[in-house]
Every structure is written in structure tokens, then in C-alpha cells.
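Heads up, upload_6.pdb below (PDB, C-alpha atoms and all ligand atoms):
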```pdb
MODEL        1
ATOM      1  CA  MET A  18     125.915  83.883 -67.989
ATOM      2  CA  ASN A  19     126.956  85.664 -64.789
ATOM      3  CA  PRO A  20     130.180  87.641 -65.408
ATOM      4  CA  VAL A  21     131.497  86.752 -61.944
ATOM      5  CA  CYS A  22     130.927  83.385 -60.320
ATOM      6  CA  ALA A  23     132.753  82.334 -57.129
ATOM      7  CA  SER A  24     132.580  78.823 -55.800
ATOM      8  CA  ASP A  25     133.829  77.800 -52.333
ATOM      9  CA  LEU A  26     136.478  80.483 -52.568
ATOM     10  CA  ALA A  27     139.083  80.619 -49.784
ATOM     11  CA  LYS A  28     142.178  82.726 -49.220
ATOM     12  CA  HIS A  29     144.351  82.048 -46.191
ATOM     13  CA  PHE A  30     147.324  84.094 -44.981
ATOM     14  CA  GLY A  31     149.100  81.573 -42.793
ATOM     15  CA  ARG A  32     146.496  80.586 -40.196
ATOM     16  CA  LEU A  33     144.256  83.572 -40.929
ATOM     17  CA  ARG A  34     141.227  82.772 -43.075
ATOM     18  CA  ALA A  35     140.729  86.061 -44.916
ATOM     19  CA  LEU A  36     138.154  84.329 -47.167
ATOM     20  CA  ASP A  37     136.408  81.080 -46.352
ATOM     21  CA  SER A  38     133.914  79.060 -48.467
ATOM     22  CA  CYS A  39     132.643  82.086 -50.397
ATOM     23  CA  SER A  40     130.108  81.254 -53.110
ATOM     24  CA  PHE A  41     128.124  83.888 -55.009
ATOM     25  CA  ALA A  42     127.376  85.171 -58.505
ATOM     26  CA  LEU A  43     127.154  88.720 -59.857
ATOM     27  CA  PRO A  44     124.557  89.146 -62.628
ATOM     28  CA  ALA A  45     125.489  91.049 -65.805
ATOM     29  CA  GLY A  46     125.004  94.802 -65.464
ATOM     30  CA  SER A  47     124.404  94.627 -61.719
ATOM     31  CA  VAL A  48     125.915  97.039 -59.217
ATOM     32  CA  THR A  49     126.771  95.205 -56.027
ATOM     33  CA  GLY A  50     127.668  96.852 -52.741
ATOM     34  CA  LEU A  51     130.416  94.920 -50.954
ATOM     35  CA  VAL A  52     130.101  95.612 -47.245
ATOM     36  CA  GLY A  53     131.358  94.245 -43.961
ATOM     37  CA  PRO A  54     133.320  95.301 -40.906
ATOM     38  CA  ASN A  55     137.025  96.230 -41.071
ATOM     39  CA  GLY A  56     139.057  93.126 -41.826
ATOM     40  CA  ALA A  57     136.049  91.197 -43.187
ATOM     41  CA  GLY A  58     137.949  90.251 -46.360
ATOM     42  CA  LYS A  59     136.540  92.770 -48.872
ATOM     43  CA  SER A  60     139.883  93.920 -50.364
ATOM     44  CA  THR A  61     141.126  90.342 -50.420
ATOM     45  CA  LEU A  62     138.034  89.240 -52.335
ATOM     46  CA  LEU A  63     138.436  92.035 -54.904
ATOM     47  CA  SER A  64     142.112  91.119 -55.418
ATOM     48  CA  VAL A  65     141.268  87.438 -55.880
ATOM     49  CA  ILE A  66     138.548  88.216 -58.450
ATOM     50  CA  ALA A  67     140.931  90.546 -60.328
ATOM     51  CA  GLY A  68     143.616  87.846 -60.386
ATOM     52  CA  LEU A  69     146.101  89.748 -58.202
ATOM     53  CA  LEU A  70     145.931  87.070 -55.476
ATOM     54  CA  ARG A  71     145.674  83.325 -55.970
ATOM     55  CA  PRO A  72     142.920  81.645 -53.955
ATOM     56  CA  THR A  73     143.966  78.987 -51.442
ATOM     57  CA  ALA A  74     140.948  76.881 -52.429
ATOM     58  CA  GLY A  75     137.866  77.110 -54.604
ATOM     59  CA  SER A  76     137.591  79.030 -57.836
ATOM     60  CA  VAL A  77     136.341  82.207 -59.418
ATOM     61  CA  GLN A  78     135.248  82.555 -63.015
ATOM     62  CA  VAL A  79     135.112  85.861 -64.858
ATOM     63  CA  CYS A  80     133.162  85.924 -68.121
ATOM     64  CA  GLY A  81     133.265  82.136 -68.204
ATOM     65  CA  THR A  82     137.029  81.699 -67.777
ATOM     66  CA  PRO A  83     138.731  80.746 -64.520
ATOM     67  CA  VAL A  84     140.901  83.397 -62.873
ATOM     68  CA  ARG A  85     144.350  81.928 -62.272
ATOM     69  CA  GLY A  86     146.436  84.460 -60.384
ATOM     70  CA  ALA A  87     147.062  86.836 -63.302
ATOM     71  CA  ILE A  88     145.188  90.050 -64.099
ATOM     72  CA  HIS A  89     142.059  89.078 -66.015
ATOM     73  CA  PRO A  90     141.682  91.106 -69.258
ATOM     74  CA  ASP A  91     137.969  91.716 -68.661
ATOM     75  CA  VAL A  92     138.483  93.152 -65.180
ATOM     76  CA  SER A  93     139.556  96.569 -63.929
ATOM     77  CA  LEU A  94     140.357  96.943 -60.234
ATOM     78  CA  LEU A  95     140.643 100.283 -58.485
ATOM     79  CA  THR A  96     142.694  99.336 -55.425
ATOM     80  CA  GLN A  97     142.704 101.271 -52.172
ATOM     81  CA  LYS A  98     146.318 102.341 -52.750
ATOM     82  CA  ARG A  99     145.558 103.888 -56.200
ATOM     83  CA  PRO A 100     149.039 103.039 -57.571
ATOM     84  CA  LEU A 101     150.202 105.720 -60.040
ATOM     85  CA  TYR A 102     153.618 106.832 -61.305
ATOM     86  CA  GLU A 103     154.482 109.866 -59.165
ATOM     87  CA  GLN A 104     156.840 111.466 -61.714
ATOM     88  CA  PHE A 105     154.306 111.353 -64.583
ATOM     89  CA  THR A 106     151.759 114.000 -65.427
ATOM     90  CA  VAL A 107     148.137 112.856 -65.638
ATOM     91  CA  ARG A 108     148.390 112.942 -69.449
ATOM     92  CA  GLU A 109     151.550 110.788 -69.372
ATOM     93  CA  MET A 110     149.801 108.426 -66.973
ATOM     94  CA  MET A 111     147.077 107.927 -69.591
ATOM     95  CA  ARG A 112     149.777 107.193 -72.224
ATOM     96  CA  ALA A 113     151.179 104.597 -69.820
ATOM     97  CA  GLY A 114     147.652 103.135 -69.597
ATOM     98  CA  ALA A 115     147.645 102.819 -73.398
ATOM     99  CA  ALA A 116     151.074 101.139 -73.397
ATOM    100  CA  MET A 117     150.160  98.664 -70.647
ATOM    101  CA  ASN A 118     146.775  97.537 -71.923
ATOM    102  CA  ASP A 119     145.978  95.648 -75.128
ATOM    103  CA  ARG A 120     142.388  96.835 -74.972
ATOM    104  CA  TRP A 121     142.490 100.560 -74.286
ATOM    105  CA  SER A 122     140.304 103.521 -75.194
ATOM    106  CA  ALA A 123     142.096 106.856 -74.817
ATOM    107  CA  ASP A 124     138.792 108.512 -75.768
ATOM    108  CA  ARG A 125     137.034 106.881 -72.834
ATOM    109  CA  ALA A 126     139.844 107.673 -70.362
ATOM    110  CA  PHE A 127     139.980 111.360 -71.376
ATOM    111  CA  GLU A 128     136.194 111.562 -71.503
ATOM    112  CA  VAL A 129     136.148 110.478 -67.844
ATOM    113  CA  LEU A 130     138.836 113.033 -66.936
ATOM    114  CA  ASP A 131     136.884 115.778 -68.760
ATOM    115  CA  LEU A 132     133.823 114.992 -66.668
ATOM    116  CA  LEU A 133     135.803 115.320 -63.451
ATOM    117  CA  ALA A 134     136.172 118.985 -62.604
ATOM    118  CA  GLY A 135     139.053 118.467 -60.158
ATOM    119  CA  VAL A 136     141.663 116.929 -62.488
ATOM    120  CA  ASP A 137     144.221 118.949 -64.480
ATOM    121  CA  VAL A 138     145.784 116.624 -67.097
ATOM    122  CA  SER A 139     149.063 118.577 -67.172
ATOM    123  CA  ALA A 140     149.573 118.296 -63.385
ATOM    124  CA  PRO A 141     152.251 115.899 -62.098
ATOM    125  CA  VAL A 142     150.701 112.942 -60.267
ATOM    126  CA  ARG A 143     152.793 113.716 -57.138
ATOM    127  CA  THR A 144     150.972 117.059 -56.737
ATOM    128  CA  LEU A 145     147.468 115.572 -56.834
ATOM    129  CA  SER A 146     145.153 115.457 -53.822
ATOM    130  CA  ALA A 147     143.965 112.041 -52.637
ATOM    131  CA  GLY A 148     140.597 112.664 -54.292
ATOM    132  CA  ALA A 149     142.156 113.623 -57.655
ATOM    133  CA  ARG A 150     144.377 110.499 -57.507
ATOM    134  CA  THR A 151     141.232 108.413 -57.085
ATOM    135  CA  GLN A 152     139.687 110.065 -60.119
ATOM    136  CA  VAL A 153     142.808 109.523 -62.282
ATOM    137  CA  ALA A 154     142.857 105.872 -61.190
ATOM    138  CA  LEU A 155     139.166 105.604 -62.142
ATOM    139  CA  ALA A 156     139.881 107.038 -65.615
ATOM    140  CA  LEU A 157     142.629 104.399 -66.045
ATOM    141  CA  ALA A 158     140.264 101.664 -64.859
ATOM    142  CA  LEU A 159     137.500 102.713 -67.289
ATOM    143  CA  GLY A 160     139.961 103.247 -70.164
ATOM    144  CA  ARG A 161     140.512  99.458 -70.097
ATOM    145  CA  LEU A 162     136.828  99.086 -71.132
ATOM    146  CA  PRO A 163     136.216  96.480 -68.441
ATOM    147  CA  THR A 164     133.321  94.029 -68.428
ATOM    148  CA  VAL A 165     133.732  93.793 -64.652
ATOM    149  CA  LEU A 166     134.681  96.881 -62.646
ATOM    150  CA  LEU A 167     135.946  96.293 -59.102
ATOM    151  CA  LEU A 168     136.145  99.385 -56.898
ATOM    152  CA  ASP A 169     137.777  99.243 -53.463
ATOM    153  CA  GLU A 170     136.561 102.153 -51.332
ATOM    154  CA  PRO A 171     136.300 104.481 -54.358
ATOM    155  CA  LEU A 172     134.458 107.177 -52.428
ATOM    156  CA  SER A 173     136.498 107.433 -49.241
ATOM    157  CA  ASP A 174     138.763 110.319 -50.374
ATOM    158  CA  LEU A 175     136.127 112.306 -52.235
ATOM    159  CA  ASP A 176     134.175 115.381 -51.178
ATOM    160  CA  PRO A 177     130.382 115.090 -51.625
ATOM    161  CA  LEU A 178     130.397 116.752 -55.058
ATOM    162  CA  ALA A 179     133.265 114.597 -56.367
ATOM    163  CA  ARG A 180     131.539 111.523 -54.902
ATOM    164  CA  ASP A 181     128.405 112.398 -56.825
ATOM    165  CA  GLU A 182     130.377 112.955 -60.093
ATOM    166  CA  THR A 183     132.253 109.688 -59.655
ATOM    167  CA  LEU A 184     129.136 107.634 -58.995
ATOM    168  CA  ARG A 185     127.436 109.228 -61.988
ATOM    169  CA  ILE A 186     130.356 108.240 -64.255
ATOM    170  CA  VAL A 187     130.251 104.652 -62.967
ATOM    171  CA  MET A 188     126.476 104.437 -63.409
ATOM    172  CA  THR A 189     126.758 105.822 -66.967
ATOM    173  CA  ASP A 190     129.228 103.024 -67.736
ATOM    174  CA  VAL A 191     126.736 100.499 -66.376
ATOM    175  CA  ALA A 192     123.883 101.982 -68.432
ATOM    176  CA  GLU A 193     125.819 102.381 -71.690
ATOM    177  CA  ARG A 194     128.169  99.364 -71.653
ATOM    178  CA  GLY A 195     126.378  96.955 -69.296
ATOM    179  CA  THR A 196     129.410  96.898 -66.984
ATOM    180  CA  THR A 197     129.087  94.705 -63.894
ATOM    181  CA  VAL A 198     130.281  96.569 -60.796
ATOM    182  CA  LEU A 199     131.385  95.344 -57.371
ATOM    183  CA  LEU A 200     131.997  98.297 -55.085
ATOM    184  CA  SER A 201     133.240  98.154 -51.503
ATOM    185  CA  SER A 202     132.314 101.001 -49.213
ATOM    186  CA  HIS A 203     131.434 101.867 -45.632
ATOM    187  CA  LEU A 204     129.206 104.722 -46.902
ATOM    188  CA  LEU A 205     125.828 103.054 -46.755
ATOM    189  CA  THR A 206     123.787 106.014 -47.995
ATOM    190  CA  ASP A 207     125.831 106.200 -51.215
ATOM    191  CA  LEU A 208     125.550 102.441 -51.678
ATOM    192  CA  GLY A 209     121.779 102.647 -51.250
ATOM    193  CA  ASP A 210     121.627 105.218 -54.051
ATOM    194  CA  VAL A 211     123.441 103.124 -56.670
ATOM    195  CA  CYS A 212     123.447  99.426 -55.767
ATOM    196  CA  ASP A 213     120.852  96.862 -56.765
ATOM    197  CA  HIS A 214     122.715  93.904 -55.220
ATOM    198  CA  LEU A 215     124.480  93.320 -51.923
ATOM    199  CA  LEU A 216     127.357  91.103 -50.804
ATOM    200  CA  LEU A 217     127.887  91.215 -47.065
ATOM    201  CA  LEU A 218     131.048  89.606 -45.694
ATOM    202  CA  ASP A 219     132.064  88.925 -42.124
ATOM    203  CA  GLU A 220     135.247  87.138 -41.073
ATOM    204  CA  GLY A 221     135.787  86.012 -44.646
ATOM    205  CA  ARG A 222     132.353  84.426 -45.013
ATOM    206  CA  VAL A 223     129.363  85.508 -47.064
ATOM    207  CA  GLN A 224     126.542  86.458 -44.692
ATOM    208  CA  VAL A 225     124.092  87.798 -47.256
ATOM    209  CA  ALA A 226     124.235  87.887 -51.065
ATOM    210  CA  GLY A 227     121.710  88.784 -53.727
ATOM    211  CA  ASP A 228     119.163  91.286 -54.960
ATOM    212  CA  ILE A 229     118.720  94.071 -52.381
ATOM    213  CA  GLU A 230     114.929  94.233 -52.690
ATOM    214  CA  GLU A 231     114.649  90.480 -52.153
ATOM    215  CA  ILE A 232     117.053  90.609 -49.212
ATOM    216  CA  LEU A 233     115.114  93.446 -47.554
ATOM    217  CA  ALA A 234     111.822  91.623 -48.133
ATOM    218  CA  ASP A 235     113.292  88.554 -46.401
ATOM    219  CA  HIS A 236     114.187  90.543 -43.248
ATOM    220  CA  ARG A 237     111.964  92.136 -40.625
ATOM    221  CA  VAL A 238     112.511  94.627 -37.857
ATOM    222  CA  VAL A 239     110.293  93.611 -34.947
ATOM    223  CA  VAL A 240     109.661  95.838 -31.956
ATOM    224  CA  GLY A 241     107.839  94.912 -28.763
ATOM    225  CA  PRO A 242     107.829  95.345 -25.002
ATOM    226  CA  ALA A 243     111.139  94.520 -23.289
ATOM    227  CA  GLY A 244     109.613  91.971 -20.919
ATOM    228  CA  VAL A 245     108.123  89.725 -23.638
ATOM    229  CA  GLU A 246     110.090  86.832 -25.173
ATOM    230  CA  LEU A 247     110.263  87.008 -28.987
ATOM    231  CA  GLU A 248     109.054  83.761 -30.503
ATOM    232  CA  THR A 249     109.911  83.480 -34.187
ATOM    233  CA  ASP A 250     110.475  80.772 -36.783
ATOM    234  CA  GLY A 251     113.032  83.062 -38.474
ATOM    235  CA  VAL A 252     116.683  83.651 -37.525
ATOM    236  CA  VAL A 253     117.351  86.503 -35.106
ATOM    237  CA  VAL A 254     120.321  88.311 -36.655
ATOM    238  CA  ASP A 255     120.610  91.008 -33.989
ATOM    239  CA  SER A 256     118.594  92.224 -31.038
ATOM    240  CA  SER A 257     118.854  95.077 -28.572
ATOM    241  CA  ARG A 258     116.843  95.865 -25.456
ATOM    242  CA  THR A 259     116.155  99.094 -23.610
ATOM    243  CA  SER A 260     114.235  99.200 -20.332
ATOM    244  CA  ARG A 261     111.044  99.646 -22.387
ATOM    245  CA  GLN A 262     111.394  97.733 -25.615
ATOM    246  CA  LEU A 263     113.084  94.953 -27.524
ATOM    247  CA  THR A 264     114.103  95.558 -31.159
ATOM    248  CA  ALA A 265     115.275  92.662 -33.322
ATOM    249  CA  LEU A 266     116.373  92.114 -36.915
ATOM    250  CA  VAL A 267     114.946  88.776 -38.040
ATOM    251  CA  ARG A 268     115.727  86.865 -41.228
ATOM    252  CA  GLY A 269     113.077  84.685 -42.855
ATOM    253  CA  GLY A 270     110.132  83.090 -41.097
ATOM    254  CA  SER A 271     106.685  84.585 -40.672
ATOM    255  CA  ALA A 272     105.803  87.884 -38.995
ATOM    256  CA  PRO A 273     105.357  87.312 -35.235
ATOM    257  CA  SER A 274     101.880  88.317 -34.089
ATOM    258  CA  GLY A 275     101.473  90.991 -31.437
ATOM    259  CA  TRP A 276     104.725  92.740 -32.427
ATOM    260  CA  GLU A 277     105.251  95.891 -34.460
ATOM    261  CA  VAL A 278     106.756  94.605 -37.714
ATOM    262  CA  SER A 279     108.381  96.431 -40.655
ATOM    263  CA  HIS A 280     110.998  95.711 -43.307
ATOM    264  CA  PRO A 281     114.411  97.339 -42.793
ATOM    265  CA  ASP A 282     116.036  99.745 -45.229
ATOM    266  CA  LEU A 283     119.542  98.926 -46.480
ATOM    267  CA  GLU A 284     121.240 100.947 -43.744
ATOM    268  CA  ALA A 285     119.272  99.292 -40.930
ATOM    269  CA  LEU A 286     119.936  95.846 -42.415
ATOM    270  CA  VAL A 287     123.700  96.335 -42.745
ATOM    271  CA  MET A 288     123.939  97.981 -39.306
ATOM    272  CA  GLY A 289     122.135  94.982 -37.804
ATOM    273  CA  TYR A 290     124.679  92.567 -39.300
ATOM    274  CA  LEU A 291     127.613  94.798 -38.255
ATOM    275  CA  ARG A 292     126.313  94.960 -34.659
ATOM    276  CA  ALA A 293     125.823  91.188 -34.610
ATOM    277  CA  SER A 294     129.396  90.716 -35.849
ATOM    278  CA  ARG A 295     130.778  92.970 -33.110
ATOM    279  CA  THR A 296     128.725  91.145 -30.445
ATOM    280  CA  ARG A 297     130.098  87.757 -31.626
ATOM    281  CA  LYS A 298     133.677  89.019 -31.546
ATOM    282  CA  LEU A 299     133.259  90.566 -28.066
ATOM    283  CA  ALA A 300     131.750  87.289 -26.796
ATOM    284  CA  ARG A 301     134.869  85.373 -27.923
ATOM    285  CA  ARG A 302     137.288  87.628 -25.982
TER     286      ARG A 302
HETATM  287  N1  LIG B 401     148.926  90.221 -47.425
HETATM  288  C1  LIG B 401     148.374  89.891 -46.256
HETATM  289  N2  LIG B 401     149.062  89.153 -45.355
HETATM  290  C2  LIG B 401     148.507  88.792 -44.175
HETATM  291  N3  LIG B 401     147.253  89.119 -43.795
HETATM  292  C3  LIG B 401     146.526  89.852 -44.651
HETATM  293  C4  LIG B 401     147.052  90.269 -45.922
HETATM  294  N4  LIG B 401     146.082  90.983 -46.559
HETATM  295  C5  LIG B 401     145.023  91.011 -45.730
HETATM  296  N5  LIG B 401     145.287  90.346 -44.588
HETATM  297  C6  LIG B 401     144.361  90.119 -43.468
HETATM  298  O1  LIG B 401     143.191  89.522 -44.021
HETATM  299  C7  LIG B 401     142.023  90.021 -43.360
HETATM  300  C8  LIG B 401     141.100  90.627 -44.385
HETATM  301  O2  LIG B 401     141.708  91.833 -44.844
HETATM  302  P1  LIG B 401     141.030  92.765 -45.930
HETATM  303  O3  LIG B 401     141.966  93.898 -46.178
HETATM  304  O4  LIG B 401     140.642  91.936 -47.081
HETATM  305  O5  LIG B 401     139.728  93.266 -45.153
HETATM  306  P2  LIG B 401     138.721  94.453 -45.539
HETATM  307  O6  LIG B 401     137.353  93.937 -45.324
HETATM  308  O7  LIG B 401     139.059  94.988 -46.877
HETATM  309  O8  LIG B 401     139.058  95.534 -44.410
HETATM  310  P3  LIG B 401     138.862  97.161 -44.416
HETATM  311  O9  LIG B 401     137.396  97.439 -44.390
HETATM  312  O10 LIG B 401     139.532  97.564 -43.140
HETATM  313  O11 LIG B 401     139.568  97.696 -45.635
HETATM  314  C9  LIG B 401     142.511  91.004 -42.287
HETATM  315  O12 LIG B 401     142.619  90.307 -41.054
HETATM  316  C10 LIG B 401     143.884  91.406 -42.800
HETATM  317  O13 LIG B 401     144.728  91.781 -41.730
ENDMDL
END
```
Show the structure stored in the file as C-alpha cells.
Ligand SMILES: Nc1ncnc2c1ncn2[C@@H]1O[C@H](COP(=O)(O)OP(=O)(O)OP(=O)(O)O)[C@@H](O)[C@H]1O
Amino acid sequence: MNPVCASDLAKHFGRLRALDSCSFALPAGSVTGLVGPNGAGKSTLLSVIAGLLRPTAGSVQVCGTPVRGAIHPDVSLLTQKRPLYEQFTVREMMRAGAAMNDRWSADRAFEVLDLLAGVDVSAPVRTLSAGARTQVALALALGRLPTVLLLDEPLSDLDPLARDETLRIVMTDVAERGTTVLLSSHLLTDLGDVCDHLLLLDEGRVQVAGDIEEILADHRVVVGPAGVELETDGVVVDSSRTSRQLTALVRGGSAPSGWEVSHPDLEALVMGYLRASRTRKLARR
């Protein structure tokens, strides 16, 4: 059974379709990178899966039960705002975690804090740096012993060393507990290091979803002289032309003969989709 299964999921804010017809599944123990341009719907999707927002249409199931607009007990969500009680110390914040959660492991929460060099448990939350707040919020999220861990931009406030520590803690959870992780980030290199699956959103719609190796194998970067028309039975996702050459990202189909063909890496693939998204939006202006 897939721990997360979304079917025709939609979330509208008035006339804005933040999510539209999203269907995908996250396999058990997978680490999925959630990517897309600003405003694509990533945070909205994470909130709907966690049960913080009710979908307008469609459904999402977590561990076989439908999410119905209340926090799902099997899910932990690290939101972008990292909500913490300012007047508490870190230690008191962990006690609050124990009081607020039926399933709670103080051992796990403090183990995470011990592994994070930057966090002093006697420090008041209001004195913490943005990076330390992220790490305290991560300890709270993992203390709930989640089956599904949703992380919204967990790396954005962290210096490279803290980023490395944080990713290592998350990956240890995946290895030891089989946690399923959905992680939104604009940092493609970090995603490439830890993710085995990808979910790419644009304007609330799923553009690409699945196993990263399979996705990369299904795409080609083709390069040829600028004056020659590219004939392909695949879908041209994005193309750019200099005076000398044409470069295109193509999905599916067979390799066009007479062109230089390679498979993209994750960064080139995501950049291709982001450029295509920007081109579509500029064309509508
Ligand atoms: N509560 C809300 N009310 C109205 N519109 C909203 C609300 N929350 C999000 N939106 C809109 O929904 C769209 C998707 O927003 P969302 O925050 O999910 O995108 P995102 O992909 O997480 O963006 P970013 O990468 O900038 O964090 C945006 O147009 C946003 O302005």
C-alpha cells in the first residue's frame, strides 16, 4: 500500500486554482522532491495532505484512510513558518510536543536535538536563529514518529553544514523507520543527493511524477545546428536557440537521428520544466 495516494485533488482559493486535478502516489519509504516555480502550489499540497486544508475536490488517502481536514495522526508537517511558542525554552517546547501528541517519543525528539550542534535546549525559542528554529521544528516533527514526513522548504534557512546534518537525520529516519518523505525545495543539488522520486508541480498541476531514474530515462537533451528543424515523436518540453545551435528537452519518443542526444540530470530536467513554465506565463501576458 502506498502511504500517500492523491486522486484528482483540487484546492481553490476563490477563483485561483492552487491545486487542480492532482493524482499521484508516494511509495513507502520513498523520498520525493517536491519542486516547481514560486506559487506552483507546493505548500498548499503539503497542507492538504497533512489535513490542515480541506480540498475543494478529489481526495487524499494517508496510510489507507482519507484525510478530512484534520491533522492526520500518521503525518508530521514542517511548515515554512515553523510555528513555535516564543516564550518557551527548547526543552519546554519538547514538553509541549509530548502534551499535544498522543504518539510521542521524547527520546527521539531529544536524540534529534543532540545530533544538531546548533541547538541549546535551555535557550528561549525567541532567541533562536532561523536555522535553529527549523531544527527545533524538525525535532518536534520527528518526535511524533510519523509514517509520512512532509517538509516545506526545510533547508532554506540552514548553512551548508546544518543542511547536511538535517538531511542526514531525515535519511536515517527513512532507513531505520521506513518513513515516507515529501520534501519541497528550490535547492536542486540537495534534492539530487537524497531524493529517489520527484513530484513537479506547475500552476497547481502535476507535470511529472515518479521514480527519478525512470523520469530521467524518459527524457532526452538533444542538441543540433540552429538552422535545422527538430523532428521528434516525443514532446518538446523546452527549447532554446543560439545563433549556432538548438538545444531541446524532449519527453518520450525515440532518439532523433543526426542530433547529439543525452539524458538530462535532475537539475537540467527541472530547469527545463521551470523555463518552459516561465515561457508559457510570459506568452499569456
Ligand atoms: N490562503 C490562501 N488564500 C489565497 N490564496 C492562497 C492562499 N494560500 C496560497 N494561495 C495562493 O495559491 C497559490 C499557490 O501557493 P503556494 O504557497 O502553495 O505555492 P508554492 O509553490 O508553495 O510557492 P513558493 O515556492 O513561493 O513557496 C499562489 O498563487 C498563492 O498566492
Within 12 Å of ligand LIG 401 (chain B), which residues of chain A show up? Give each one with its shortest atom-to-atom distance in Å (one decimal) and the two atoms involved, counting all atoms listed in the file, rows by chain then rising residue number, as a Markdown table.
```
| residue | atom | partner | partner_atom | distance |
| --- | --- | --- | --- | --- |
| A:Ala27 | CA | B:LIG401 | O1 | 11.4 |
| A:Lys28 | CA | B:LIG401 | O1 | 8.6 |
| A:His29 | CA | B:LIG401 | O1 | 7.9 |
| A:Phe30 | CA | B:LIG401 | C2 | 4.9 |
| A:Gly31 | CA | B:LIG401 | C2 | 7.4 |
| A:Arg32 | CA | B:LIG401 | N3 | 9.3 |
| A:Leu33 | CA | B:LIG401 | O1 | 6.8 |
| A:Arg34 | CA | B:LIG401 | O1 | 7.1 |
| A:Ala35 | CA | B:LIG401 | O1 | 4.3 |
| A:Leu36 | CA | B:LIG401 | C8 | 7.5 |
| A:Asp37 | CA | B:LIG401 | C8 | 10.8 |
| A:Leu51 | CA | B:LIG401 | O6 | 9.0 |
| A:Val52 | CA | B:LIG401 | O6 | 7.7 |
| A:Gly53 | CA | B:LIG401 | O6 | 6.2 |
| A:Pro54 | CA | B:LIG401 | O9 | 5.8 |
| A:Asn55 | CA | B:LIG401 | O10 | 3.5 |
| A:Gly56 | CA | B:LIG401 | O5 | 3.4 |
| A:Ala57 | CA | B:LIG401 | O6 | 3.7 |
| A:Gly58 | CA | B:LIG401 | O4 | 3.3 |
| A:Lys59 | CA | B:LIG401 | O6 | 3.8 |
| A:Ser60 | CA | B:LIG401 | O7 | 3.7 |
| A:Thr61 | CA | B:LIG401 | O4 | 3.7 |
| A:Leu62 | CA | B:LIG401 | O4 | 6.5 |
| A:Leu63 | CA | B:LIG401 | O4 | 8.1 |
| A:Ser64 | CA | B:LIG401 | O4 | 8.5 |
| A:Val65 | CA | B:LIG401 | O4 | 9.9 |
| A:Leu69 | CA | B:LIG401 | N1 | 11.2 |
| A:Leu70 | CA | B:LIG401 | N1 | 9.1 |
| A:Arg71 | CA | B:LIG401 | N1 | 11.5 |
| A:Thr96 | CA | B:LIG401 | O7 | 10.3 |
| A:Gln97 | CA | B:LIG401 | O11 | 8.1 |
| A:Lys98 | CA | B:LIG401 | O11 | 10.9 |
| A:Leu168 | CA | B:LIG401 | O7 | 11.3 |
| A:Asp169 | CA | B:LIG401 | O7 | 7.9 |
| A:Glu170 | CA | B:LIG401 | O11 | 7.8 |
| A:Pro171 | CA | B:LIG401 | O11 | 11.5 |
| A:Ser173 | CA | B:LIG401 | O11 | 10.8 |
| A:Leu200 | CA | B:LIG401 | O7 | 11.3 |
| A:Ser201 | CA | B:LIG401 | O7 | 8.1 |
| A:Ser202 | CA | B:LIG401 | O9 | 7.9 |
| A:His203 | CA | B:LIG401 | O9 | 7.5 |
| A:Leu204 | CA | B:LIG401 | O9 | 11.2 |
| A:Leu216 | CA | B:LIG401 | O6 | 11.7 |
| A:Leu217 | CA | B:LIG401 | O6 | 10.0 |
| A:Leu218 | CA | B:LIG401 | O6 | 7.7 |
| A:Asp219 | CA | B:LIG401 | O6 | 8.0 |
| A:Glu220 | CA | B:LIG401 | C8 | 7.6 |
| A:Gly221 | CA | B:LIG401 | C8 | 7.0 |
| A:Arg222 | CA | B:LIG401 | C8 | 10.7 |
| A:Val223 | CA | B:LIG401 | O6 | 11.7 |
| A:Leu291 | CA | B:LIG401 | O9 | 11.8 |
```
* Where does the PyMOL selection byres (((chain A and resi 79) around 8) and not hetatm) land in this file, that is, which residues does it pick, as a PyMOL selection string? -> chain A and resi 20-22+66+77-78+80-84+89+91
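For the file at hand, the PyMOL selection byres (((chain A and resi 252) around 9) and not hetatm) resolves to Thr249, Asp250, Gly251, Val253, Val254, Leu266, Val267, Arg268, Gly269 and Gly270 of chain A.
If you apply the PyMOL selection byres (((chain A and resi 213) around 10) and not hetatm) to this structure, you end up with Gly46, Ser47, Val48, Thr49, Gly50, Leu208, Gly209, Asp210, Val211, Cys212, His214, Leu215, Gly227, Asp228, Ile229 and Glu230 of chain A.
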* Asked: So which residues touch Met117 of chain A within 12 Å, counting all atoms listed in the file, skipping near sequence neighbours fewer than 3 positions away, as a ChimeraX atom specification?
  -> /A:88,90,110-114,120-122,157-158,160-161
* Name the residues in contact with Val187 of chain A at a cut-off of 10 Å, using all atoms listed in the file, excluding same-chain residues fewer than 3 positions from it; report them as an MDAnalysis selection string. => chainID A and resid 48 129 155 159 166 168 182:184 190:192 196 198 211
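Across the model, the gap from atom CA of Val238 of chain A to atom CA of Ala285 of chain A is 8.8 Å.
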Exercise on segment 241-246 of chain A, axis-aligned box with 6 Å per side, report centre and edge lengths in Å to one decimal, as lines of an AutoDock Vina configuration file:
```
center_x = 109.5
center_y = 91.1
center_z = -24.8
size_x = 15.3
size_y = 20.5
size_z = 19.8
```
* Of the residues A:Ile186, A:Thr73, A:Val225, A:Pro273, which is the one nearest to Leu247 of chain A, using all atoms listed in the file? ->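 Selected residue with least distance to Leu247 of chain A: A:Pro273.
Considering all atoms listed in the file, the residue among A:His236, A:Val92, A:Gly86, A:Cys39 positioned nearest to Thr197 of chain A is A:Val92.
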* Asked: With only C-alpha atoms as the atoms that count, which of A:Arg143, A:Arg297, A:Arg85, A:Arg125 lies nearest to Thr106 of chain A?
  -> A:Arg143
* Asked: Counting only C-alpha atoms, what is within 10 Å of segment 259-262 of chain A, bar same-chain residues fewer than 5 positions away, as a ChimeraX atom specification?
  -> /A:240-245
Residues within 12 Å of Glu246 of chain A, please, as a PDB file with C-alpha atoms, in the frame of the given file. Count only C-alpha atoms; anything in the same chain fewer than 6 positions from it doesn't count.
```
ATOM      1  CA  VAL A 239     110.293  93.611 -34.947  1.00  0.00           C
ATOM      2  CA  VAL A 240     109.661  95.838 -31.956  1.00  0.00           C
ATOM      3  CA  SER A 256     118.594  92.224 -31.038  1.00  0.00           C
ATOM      4  CA  ARG A 258     116.843  95.865 -25.456  1.00  0.00           C
ATOM      5  CA  GLN A 262     111.394  97.733 -25.615  1.00  0.00           C
ATOM      6  CA  LEU A 263     113.084  94.953 -27.524  1.00  0.00           C
ATOM      7  CA  THR A 264     114.103  95.558 -31.159  1.00  0.00           C
ATOM      8  CA  ALA A 265     115.275  92.662 -33.322  1.00  0.00           C
ATOM      9  CA  PRO A 273     105.357  87.312 -35.235  1.00  0.00           C
ATOM     10  CA  GLY A 275     101.473  90.991 -31.437  1.00  0.00           C
ATOM     11  CA  TRP A 276     104.725  92.740 -32.427  1.00  0.00           C
TER      12      TRP A 276
END
```
* **Nearest residue to Leu162 of chain A from the set A:Ser93, A:Ser24, A:Thr144, A:Ser271 (distances using all atoms listed in the file)** => A:Ser93
* Asked: In Å, with one decimal, what is the gap from atom CA of Glu231 of chain A to atom CA of Arg295 of chain A?
  -> 25.1 Å
* Between A:Arg194, A:Arg185, A:His280, A:Arg108, which has the minimum distance to Ile232 of chain A (counting all atoms listed in the file)? ->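 So, comparing all the options, the nearest one is A:His280.
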* Asked: At what distance in Å, to one decimal, does atom CA of Ala23 of chain A lie from atom CA of Ala74 of chain A?
  ->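 Atom CA of Ala23 of chain A lies at a distance of 10.9 Å from atom CA of Ala74 of chain A.
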